[in-house]
Protein chains: 2
Amino acid sequence: MLYPNKIQKSQTKSINYSNRGMFLESLINESNQYYQEKDIALIFKKPTPIGISEAIYTDRGRVIKNGYFKAPSTLDYNGIYKGKYIEFEAKETKSTTSFPLANFHEHQLKYLKRVLQHGGICFVIISMNNCIYLLKGEDLVFFIENNSRKSIPLDYLKEKGFVILEKYNPPLDYLKVVDQVYFERN
Amino acid sequence: MLYPNKIQKSQTKSINYSNRGMFLESLINESNQYYQEKDIALIFKKPTPIGISEAIYTDRGRVIKNGYFKAPSTLDYNGIYKGKYIEFEAKETKSTTSFPLANFHEHQLKYLKRVLQHGGICFVIISMNNCIYLLKGEDLVFFIENNSRKSIPLDYLKEKGFVILEKYNPPLDYLKVVDQVYFERN
């Protein structure tokens, strides 16, 4: 019972990634924390935007009594790595053959394109078929603009994406792949 | 009544900036929206992090019935400008002689320093004495590390800071000052 988190993760795995969405998010959050502690990068999940329809003042401060979640118009994570602006979204699908583009809001895709135009590093992390891929924003945009399909076939991910391996610490070392894709190739 | 927002702003001004904190925030938010629309920069105020102690499911989706505001550990605004990572905080004070450093959380100052170390553009916008200054993160850190004072005297702001003028659109063109300070000098 030395590493209860890790043990729980294995259990999640053994029940066939049914909670994969949160699982991927927790892998990324833990990795971001590792990157911060080791002073490798400053990358955070953005807080979910909240609308507040009722709030009261208490001795603990302002308390929300009625709030709702707003749809995000940007991507989930952003920050700085090696002096570069970085922004990405993480998604999982239970489908084993293709990744449904409906997973993204339309304004998120427009926004992703704008981040690229402004010179940011922008990608998506997709968990599918027991494998985690990094797909460059450019390749996502290319697919969408050159296809009428509403989902990305696994083959496209295998061809254009980069596999991110799970390991002990950080649990998902996606910046290693970012290094290979964005820094070592130039 | 063509520009009710603008008129309201003038009224806020005429009541001696009593609501200056929100006023500065609204100037910056409007300017950020202008920058987005003109495709000049992608800079957003981060949503306030919320802790949720009670939520229920309704036909409108998940609704928060008990939530509280968490203290921010990073700065208020971040984004990308001319390919660079940018992050800043905006603060106002009613004091006319010095800016109290208690306006920043200690972890915010540590974080600011780390953003600089990672190569980001990082500064604070301070509204004081009916004037709005941009103070480079480096100059803020220098002051704190070389002074035992708990507030920044107005003279230091006048010497090291850069005045941001209010205008019509965008209402607070702080990126013009960013250009002068960070881009044109190099």
# chains A, B, ... in the order shown; residues from 1 in each chain; ligands from 1
call {"tool": "residues_around", "arguments": {"residues": "Leu27 of chain B", "least_positions_apart": "3", "cutoff": "12 Å", "atoms": "only C-alpha atoms", "output": "short mmCIF file (atom, residue, chain, number, x, y, z; two decimals) with N, CA and C atoms, in the first residue's frame"}}
result
data_model
loop_
_atom_site.label_atom_id
_atom_site.label_comp_id
_atom_site.auth_asym_id
_atom_site.auth_seq_id
_atom_site.Cartn_x
_atom_site.Cartn_y
_atom_site.Cartn_z
N ASN B 5 -21.81 51.77 -22.11
CA ASN B 5 -20.66 51.33 -21.32
C ASN B 5 -19.69 52.46 -21.05
N LYS B 6 -19.45 53.22 -22.12
CA LYS B 6 -18.49 54.33 -22.00
C LYS B 6 -19.01 55.39 -21.03
N LYS B 9 -18.58 54.35 -17.61
CA LYS B 9 -17.19 54.48 -17.21
C LYS B 9 -16.88 55.90 -16.74
N THR B 12 -18.14 56.36 -13.43
CA THR B 12 -17.28 55.74 -12.43
C THR B 12 -16.11 56.66 -12.14
N ARG B 20 -12.62 51.35 -8.44
CA ARG B 20 -11.50 51.27 -9.36
C ARG B 20 -11.03 49.83 -9.65
N GLY B 21 -11.11 48.95 -8.65
CA GLY B 21 -10.65 47.58 -8.85
C GLY B 21 -11.39 46.93 -10.00
N MET B 22 -12.71 46.95 -9.96
CA MET B 22 -13.51 46.38 -11.02
C MET B 22 -13.37 47.19 -12.29
N PHE B 23 -13.17 48.48 -12.12
CA PHE B 23 -13.06 49.34 -13.28
C PHE B 23 -11.80 48.99 -14.08
N LEU B 24 -10.68 48.83 -13.39
CA LEU B 24 -9.44 48.44 -14.06
C LEU B 24 -9.62 47.09 -14.75
N GLU B 30 -12.11 44.49 -21.63
CA GLU B 30 -12.55 45.07 -22.91
C GLU B 30 -11.39 45.17 -23.90
N SER B 31 -10.22 45.52 -23.39
CA SER B 31 -9.06 45.63 -24.27
C SER B 31 -8.67 44.25 -24.81
N ASN B 32 -8.73 43.24 -23.93
CA ASN B 32 -8.41 41.89 -24.38
C ASN B 32 -9.37 41.43 -25.46
N GLN B 33 -10.64 41.80 -25.31
CA GLN B 33 -11.62 41.43 -26.32
C GLN B 33 -11.30 42.13 -27.65
N TYR B 34 -10.93 43.38 -27.56
CA TYR B 34 -10.51 44.13 -28.74
C TYR B 34 -9.31 43.43 -29.40
N LYS B 45 -8.56 36.60 -19.00
CA LYS B 45 -8.56 36.52 -17.56
C LYS B 45 -8.85 35.07 -17.20
N ALA B 90 -3.37 42.56 -12.38
CA ALA B 90 -3.81 43.96 -12.33
C ALA B 90 -4.30 44.27 -10.93
N ILE B 125 0.05 45.46 -13.66
CA ILE B 125 -0.57 46.73 -14.02
C ILE B 125 -1.13 47.30 -12.72
N SER B 127 -2.98 50.49 -10.80
CA SER B 127 -3.73 51.73 -10.91
C SER B 127 -3.64 52.46 -9.57
N ILE B 132 -2.35 54.81 -14.49
CA ILE B 132 -2.17 53.36 -14.62
C ILE B 132 -0.76 53.07 -15.11
N ILE B 164 0.37 53.72 -18.80
CA ILE B 164 -0.56 53.25 -19.85
C ILE B 164 -1.70 54.25 -19.91
N LEU B 165 -1.88 54.84 -21.08
CA LEU B 165 -2.93 55.85 -21.21
C LEU B 165 -4.26 55.19 -21.52
N GLU B 166 -5.33 55.74 -20.96
CA GLU B 166 -6.67 55.29 -21.32
C GLU B 166 -7.06 55.99 -22.62
N LYS B 167 -7.73 55.22 -23.48
CA LYS B 167 -8.21 55.86 -24.70
C LYS B 167 -9.56 55.26 -25.08
N TYR B 168 -9.99 55.51 -26.32
CA TYR B 168 -11.33 55.05 -26.63
C TYR B 168 -11.39 53.54 -26.89
N ASN B 169 -10.61 53.07 -27.83
CA ASN B 169 -10.69 51.66 -28.19
C ASN B 169 -9.34 51.17 -28.71
N PRO B 170 -8.71 50.25 -28.05
CA PRO B 170 -9.12 49.61 -26.79
C PRO B 170 -8.99 50.59 -25.64
N PRO B 171 -9.83 50.43 -24.61
CA PRO B 171 -9.82 51.41 -23.53
C PRO B 171 -8.50 51.51 -22.77
N LEU B 172 -7.74 50.39 -22.75
CA LEU B 172 -6.44 50.44 -22.08
C LEU B 172 -5.44 49.67 -22.95
N ASP B 173 -4.74 50.41 -23.79
CA ASP B 173 -3.89 49.75 -24.80
C ASP B 173 -2.53 49.37 -24.20
N TYR B 174 -2.58 48.42 -23.26
CA TYR B 174 -1.34 48.06 -22.56
C TYR B 174 -0.35 47.35 -23.47
#
call {"tool": "interface_residues", "arguments": {"of": "chain B", "to": "chain A", "cutoff": "10 Å", "atoms": "only C-alpha atoms", "output": "PyMOL selection string"}}
result
chain B and resi 36+39-42+44+46-55+60-69+74+78-87+111+114-121
call {"tool": "residues_around", "arguments": {"residues": "Lys160 of chain A", "least_positions_apart": "4", "cutoff": "9 Å", "atoms": "only C-alpha atoms", "output": "ChimeraX atom specification"}}
result
/A:134-136,139,155-156
call {"tool": "atom_distance", "arguments": {"atom1": "atom CA of Glu159 of chain B", "atom2": "atom CA of Phe183 of chain B"}}
result
19.9 Å
call {"tool": "select_by_dssp", "arguments": {"residues": "segment 76-149 of chain B", "states": "strand (DSSP E)", "output": "ChimeraX atom specification"}}
result
/B:77-81,84-92,98-100,121-128,131-136
call {"tool": "write_last_selection", "arguments": {"atoms": "C-alpha atoms", "output": "PDB file, in the first residue's frame"}}
result
ATOM      1  CA  TYR B  77      -4.276  37.057 -16.989  1.00  0.00           C
ATOM      2  CA  ASN B  78      -2.279  34.976 -19.427  1.00  0.00           C
ATOM      3  CA  GLY B  79      -2.008  34.322 -23.105  1.00  0.00           C
ATOM      4  CA  ILE B  80       0.073  34.700 -26.219  1.00  0.00           C
ATOM      5  CA  TYR B  81       1.286  37.867 -27.928  1.00  0.00           C
ATOM      6  CA  LYS B  84       5.518  35.083 -26.639  1.00  0.00           C
ATOM      7  CA  TYR B  85       4.000  33.810 -23.421  1.00  0.00           C
ATOM      8  CA  ILE B  86       2.579  36.701 -21.446  1.00  0.00           C
ATOM      9  CA  GLU B  87       1.199  36.740 -17.899  1.00  0.00           C
ATOM     10  CA  PHE B  88       0.225  39.602 -15.649  1.00  0.00           C
ATOM     11  CA  GLU B  89      -1.756  40.766 -12.665  1.00  0.00           C
ATOM     12  CA  ALA B  90      -3.806  43.955 -12.329  1.00  0.00           C
ATOM     13  CA  LYS B  91      -4.212  45.747  -9.013  1.00  0.00           C
ATOM     14  CA  GLU B  92      -5.506  49.061  -7.819  1.00  0.00           C
ATOM     15  CA  SER B  98       2.563  53.892  -2.023  1.00  0.00           C
ATOM     16  CA  PHE B  99       1.326  50.554  -3.319  1.00  0.00           C
ATOM     17  CA  PRO B 100       0.934  47.959  -0.502  1.00  0.00           C
ATOM     18  CA  ILE B 121       6.832  38.270 -20.312  1.00  0.00           C
ATOM     19  CA  CYS B 122       5.503  39.016 -16.859  1.00  0.00           C
ATOM     20  CA  PHE B 123       4.405  42.299 -15.304  1.00  0.00           C
ATOM     21  CA  VAL B 124       1.852  43.983 -13.091  1.00  0.00           C
ATOM     22  CA  ILE B 125      -0.566  46.734 -14.017  1.00  0.00           C
ATOM     23  CA  ILE B 126      -1.067  49.074 -11.080  1.00  0.00           C
ATOM     24  CA  SER B 127      -3.735  51.726 -10.906  1.00  0.00           C
ATOM     25  CA  MET B 128      -2.875  54.419  -8.406  1.00  0.00           C
ATOM     26  CA  CYS B 131      -2.729  56.862 -13.249  1.00  0.00           C
ATOM     27  CA  ILE B 132      -2.172  53.355 -14.618  1.00  0.00           C
ATOM     28  CA  TYR B 133       1.366  51.952 -14.648  1.00  0.00           C
ATOM     29  CA  LEU B 134       2.933  48.858 -16.133  1.00  0.00           C
ATOM     30  CA  LEU B 135       5.726  47.648 -13.866  1.00  0.00           C
ATOM     31  CA  LYS B 136       7.990  44.911 -15.222  1.00  0.00           C
TER      32      LYS B 136
END
call {"tool": "atom_distance", "arguments": {"atom1": "atom CA of Ser151 of chain A", "atom2": "atom CA of Asp59 of chain B"}}
result
28.1 Å
call {"tool": "select_by_dssp", "arguments": {"residues": "segment 50-117 of chain B", "states": "helix (DSSP H, G or I)", "output": "JSON, numbers by chain"}}
result
{"B": [101, 102, 103, 106, 107, 108, 109, 110, 111, 112, 113, 114, 115, 116, 117]}
call {"tool": "write_last_selection", "arguments": {"atoms": "C-alpha atoms", "output": "PDB file, in the first residue's frame"}}
result
ATOM      1  CA  LEU B 101       2.637  44.680  -1.386  1.00  0.00           C
ATOM      2  CA  ALA B 102      -0.047  42.884   0.650  1.00  0.00           C
ATOM      3  CA  ASN B 103      -2.083  43.224  -2.544  1.00  0.00           C
ATOM      4  CA  GLU B 106       3.143  35.486  -1.416  1.00  0.00           C
ATOM      5  CA  HIS B 107       2.799  32.476  -3.731  1.00  0.00           C
ATOM      6  CA  GLN B 108       1.800  34.829  -6.547  1.00  0.00           C
ATOM      7  CA  LEU B 109       5.115  36.658  -6.197  1.00  0.00           C
ATOM      8  CA  LYS B 110       7.030  33.373  -6.176  1.00  0.00           C
ATOM      9  CA  TYR B 111       5.108  32.302  -9.240  1.00  0.00           C
ATOM     10  CA  LEU B 112       5.762  35.596 -11.048  1.00  0.00           C
ATOM     11  CA  LYS B 113       9.482  35.040 -10.537  1.00  0.00           C
ATOM     12  CA  ARG B 114       9.226  31.559 -11.988  1.00  0.00           C
ATOM     13  CA  VAL B 115       7.410  32.799 -15.091  1.00  0.00           C
ATOM     14  CA  LEU B 116      10.302  35.213 -15.668  1.00  0.00           C
ATOM     15  CA  GLN B 117      12.819  32.400 -15.178  1.00  0.00           C
TER      16      GLN B 117
END
call {"tool": "atom_distance", "arguments": {"atom1": "atom CA of Ser148 of chain A", "atom2": "atom CA of Thr96 of chain A"}}
result
19.9 Å
call {"tool": "decode", "arguments": {"residues": "segment 13-157 of chain A", "atoms": "C-alpha atoms", "output": "JSON list (two decimals), in the first residue's frame"}}
result
[["chain", "number", "residue", "atom", "x", "y", "z"],
["A", 13, "LYS", "CA", -6.93, 0.09, -16.05],
["A", 14, "SER", "CA", -8.21, -3.35, -15.21],
["A", 15, "ILE", "CA", -11.80, -2.17, -15.49],
["A", 16, "ASN", "CA", -11.15, -1.29, -19.11],
["A", 17, "TYR", "CA", -10.70, 2.47, -18.92],
["A", 18, "SER", "CA", -14.38, 3.05, -18.17],
["A", 19, "ASN", "CA", -13.37, 6.17, -16.27],
["A", 20, "ARG", "CA", -10.71, 7.04, -18.78],
["A", 21, "GLY", "CA", -11.68, 10.71, -19.15],
["A", 22, "MET", "CA", -10.91, 11.55, -15.57],
["A", 23, "PHE", "CA", -8.04, 9.12, -15.61],
["A", 24, "LEU", "CA", -6.31, 10.90, -18.49],
["A", 25, "GLU", "CA", -6.93, 14.22, -16.76],
["A", 26, "SER", "CA", -5.41, 12.96, -13.53],
["A", 27, "LEU", "CA", -2.37, 11.62, -15.39],
["A", 28, "ILE", "CA", -1.85, 15.05, -16.94],
["A", 29, "ASN", "CA", -2.48, 16.96, -13.73],
["A", 30, "GLU", "CA", 0.01, 14.79, -11.85],
["A", 31, "SER", "CA", 2.55, 15.23, -14.62],
["A", 32, "ASN", "CA", 2.06, 19.01, -14.60],
["A", 33, "GLN", "CA", 2.65, 19.02, -10.88],
["A", 34, "TYR", "CA", 5.83, 17.03, -11.40],
["A", 35, "TYR", "CA", 6.96, 19.50, -14.07],
["A", 36, "GLN", "CA", 6.30, 22.40, -11.71],
["A", 37, "GLU", "CA", 8.14, 20.79, -8.81],
["A", 38, "LYS", "CA", 11.13, 20.02, -11.00],
["A", 39, "ASP", "CA", 10.92, 23.51, -12.54],
["A", 40, "ILE", "CA", 10.60, 22.01, -16.02],
["A", 41, "ALA", "CA", 7.46, 23.85, -17.10],
["A", 42, "LEU", "CA", 4.57, 25.90, -15.73],
["A", 43, "ILE", "CA", 1.47, 24.31, -17.19],
["A", 44, "PHE", "CA", -1.94, 24.30, -15.52],
["A", 45, "LYS", "CA", -5.43, 23.10, -16.21],
["A", 46, "LYS", "CA", -7.60, 26.19, -16.54],
["A", 47, "PRO", "CA", -10.37, 26.37, -13.96],
["A", 48, "THR", "CA", -13.75, 25.55, -15.49],
["A", 49, "PRO", "CA", -15.53, 28.84, -16.14],
["A", 50, "ILE", "CA", -18.49, 29.20, -13.79],
["A", 51, "GLY", "CA", -21.56, 31.36, -14.05],
["A", 52, "ILE", "CA", -22.89, 32.54, -10.72],
["A", 53, "SER", "CA", -26.59, 33.27, -10.37],
["A", 54, "GLU", "CA", -26.65, 33.50, -6.58],
["A", 55, "ALA", "CA", -23.98, 34.21, -4.01],
["A", 56, "ILE", "CA", -24.15, 35.13, -0.34],
["A", 57, "TYR", "CA", -21.67, 36.63, 2.08],
["A", 58, "THR", "CA", -20.77, 34.54, 5.11],
["A", 59, "ASP", "CA", -18.00, 34.71, 7.71],
["A", 60, "ARG", "CA", -16.05, 32.36, 5.43],
["A", 61, "GLY", "CA", -16.31, 34.94, 2.63],
["A", 62, "ARG", "CA", -18.45, 34.91, -0.49],
["A", 63, "VAL", "CA", -20.19, 31.58, -1.05],
["A", 64, "ILE", "CA", -21.88, 30.44, -4.25],
["A", 65, "LYS", "CA", -25.44, 29.21, -3.73],
["A", 66, "ASN", "CA", -26.34, 28.79, -7.36],
["A", 67, "GLY", "CA", -23.74, 28.33, -10.05],
["A", 68, "TYR", "CA", -23.51, 26.60, -13.41],
["A", 69, "PHE", "CA", -20.72, 25.42, -15.68],
["A", 70, "LYS", "CA", -20.06, 27.35, -18.86],
["A", 71, "ALA", "CA", -18.87, 25.72, -22.09],
["A", 72, "PRO", "CA", -15.13, 26.30, -22.55],
["A", 73, "SER", "CA", -14.16, 28.38, -25.57],
["A", 74, "THR", "CA", -10.43, 27.79, -25.26],
["A", 75, "LEU", "CA", -8.45, 24.62, -24.59],
["A", 76, "ASP", "CA", -8.07, 22.97, -21.20],
["A", 77, "TYR", "CA", -4.40, 23.45, -20.43],
["A", 78, "ASN", "CA", -1.94, 26.25, -21.03],
["A", 79, "GLY", "CA", 1.38, 27.51, -19.81],
["A", 80, "ILE", "CA", 5.01, 28.06, -20.62],
["A", 81, "TYR", "CA", 7.67, 25.53, -21.58],
["A", 82, "LYS", "CA", 11.22, 26.40, -22.63],
["A", 83, "GLY", "CA", 10.13, 29.99, -23.18],
["A", 84, "LYS", "CA", 7.30, 28.94, -25.50],
["A", 85, "TYR", "CA", 3.56, 29.35, -25.12],
["A", 86, "ILE", "CA", 1.90, 25.96, -24.99],
["A", 87, "GLU", "CA", -1.78, 25.09, -25.05],
["A", 88, "PHE", "CA", -3.54, 21.77, -25.43],
["A", 89, "GLU", "CA", -6.70, 19.77, -24.89],
["A", 90, "ALA", "CA", -6.99, 16.20, -23.61],
["A", 91, "LYS", "CA", -9.77, 13.88, -24.74],
["A", 92, "GLU", "CA", -10.58, 10.23, -24.51],
["A", 93, "THR", "CA", -12.91, 8.08, -26.50],
["A", 94, "LYS", "CA", -14.29, 4.62, -25.94],
["A", 95, "SER", "CA", -14.45, 4.05, -29.66],
["A", 96, "THR", "CA", -11.66, 1.77, -30.85],
["A", 97, "THR", "CA", -11.80, 2.69, -34.52],
["A", 98, "SER", "CA", -12.11, 6.47, -34.75],
["A", 99, "PHE", "CA", -12.09, 9.62, -32.64],
["A", 100, "PRO", "CA", -15.37, 11.60, -32.94],
["A", 101, "LEU", "CA", -14.71, 15.27, -33.68],
["A", 102, "ALA", "CA", -17.86, 16.09, -31.72],
["A", 103, "ASN", "CA", -15.55, 15.81, -28.71],
["A", 104, "PHE", "CA", -14.43, 19.33, -29.55],
["A", 105, "HIS", "CA", -16.63, 22.40, -29.47],
["A", 106, "GLU", "CA", -16.52, 24.24, -32.76],
["A", 107, "HIS", "CA", -15.17, 27.42, -31.13],
["A", 108, "GLN", "CA", -12.42, 25.35, -29.52],
["A", 109, "LEU", "CA", -11.23, 24.26, -32.96],
["A", 110, "LYS", "CA", -11.31, 27.85, -34.23],
["A", 111, "TYR", "CA", -9.39, 28.92, -31.18],
["A", 112, "LEU", "CA", -6.80, 26.16, -31.60],
["A", 113, "LYS", "CA", -6.12, 27.43, -35.11],
["A", 114, "ARG", "CA", -5.64, 30.95, -33.81],
["A", 115, "VAL", "CA", -3.13, 29.83, -31.18],
["A", 116, "LEU", "CA", -1.12, 28.22, -33.98],
["A", 117, "GLN", "CA", -1.33, 31.42, -36.05],
["A", 118, "HIS", "CA", 0.01, 33.37, -33.08],
["A", 119, "GLY", "CA", 3.02, 31.09, -32.86],
["A", 120, "GLY", "CA", 2.00, 28.91, -29.93],
["A", 121, "ILE", "CA", 2.64, 25.21, -29.54],
["A", 122, "CYS", "CA", -0.80, 23.67, -29.73],
["A", 123, "PHE", "CA", -1.87, 20.04, -29.78],
["A", 124, "VAL", "CA", -4.39, 17.52, -28.53],
["A", 125, "ILE", "CA", -3.75, 14.48, -26.38],
["A", 126, "ILE", "CA", -6.09, 11.68, -27.36],
["A", 127, "SER", "CA", -6.57, 8.51, -25.38],
["A", 128, "MET", "CA", -7.98, 5.74, -27.50],
["A", 129, "ASN", "CA", -7.71, 2.00, -27.74],
["A", 130, "ASN", "CA", -5.48, 1.78, -24.65],
["A", 131, "CYS", "CA", -2.96, 4.13, -26.21],
["A", 132, "ILE", "CA", -2.29, 7.83, -25.68],
["A", 133, "TYR", "CA", -1.39, 9.98, -28.68],
["A", 134, "LEU", "CA", -0.18, 13.53, -29.11],
["A", 135, "LEU", "CA", -1.58, 14.96, -32.33],
["A", 136, "LYS", "CA", -0.18, 18.29, -33.48],
["A", 137, "GLY", "CA", -2.78, 21.03, -33.85],
["A", 138, "GLU", "CA", -1.62, 21.49, -37.44],
["A", 139, "ASP", "CA", -2.43, 17.85, -38.25],
["A", 140, "LEU", "CA", -5.82, 18.09, -36.56],
["A", 141, "VAL", "CA", -6.67, 21.22, -38.56],
["A", 142, "PHE", "CA", -5.39, 19.62, -41.77],
["A", 143, "PHE", "CA", -7.61, 16.59, -41.23],
["A", 144, "ILE", "CA", -10.71, 18.67, -40.52],
["A", 145, "GLU", "CA", -10.17, 20.96, -43.50],
["A", 146, "ASN", "CA", -9.53, 18.13, -45.92],
["A", 147, "ASN", "CA", -12.17, 15.66, -44.85],
["A", 148, "SER", "CA", -15.89, 15.56, -44.60],
["A", 149, "ARG", "CA", -15.64, 12.81, -41.97],
["A", 150, "LYS", "CA", -16.93, 13.55, -38.52],
["A", 151, "SER", "CA", -14.29, 11.45, -36.83],
["A", 152, "ILE", "CA", -10.58, 10.84, -37.10],
["A", 153, "PRO", "CA", -9.81, 7.22, -37.99],
["A", 154, "LEU", "CA", -7.34, 5.42, -35.73],
["A", 155, "ASP", "CA", -5.04, 4.99, -38.73],
["A", 156, "TYR", "CA", -4.64, 8.77, -39.05],
["A", 157, "LEU", "CA", -3.70, 8.96, -35.37]]
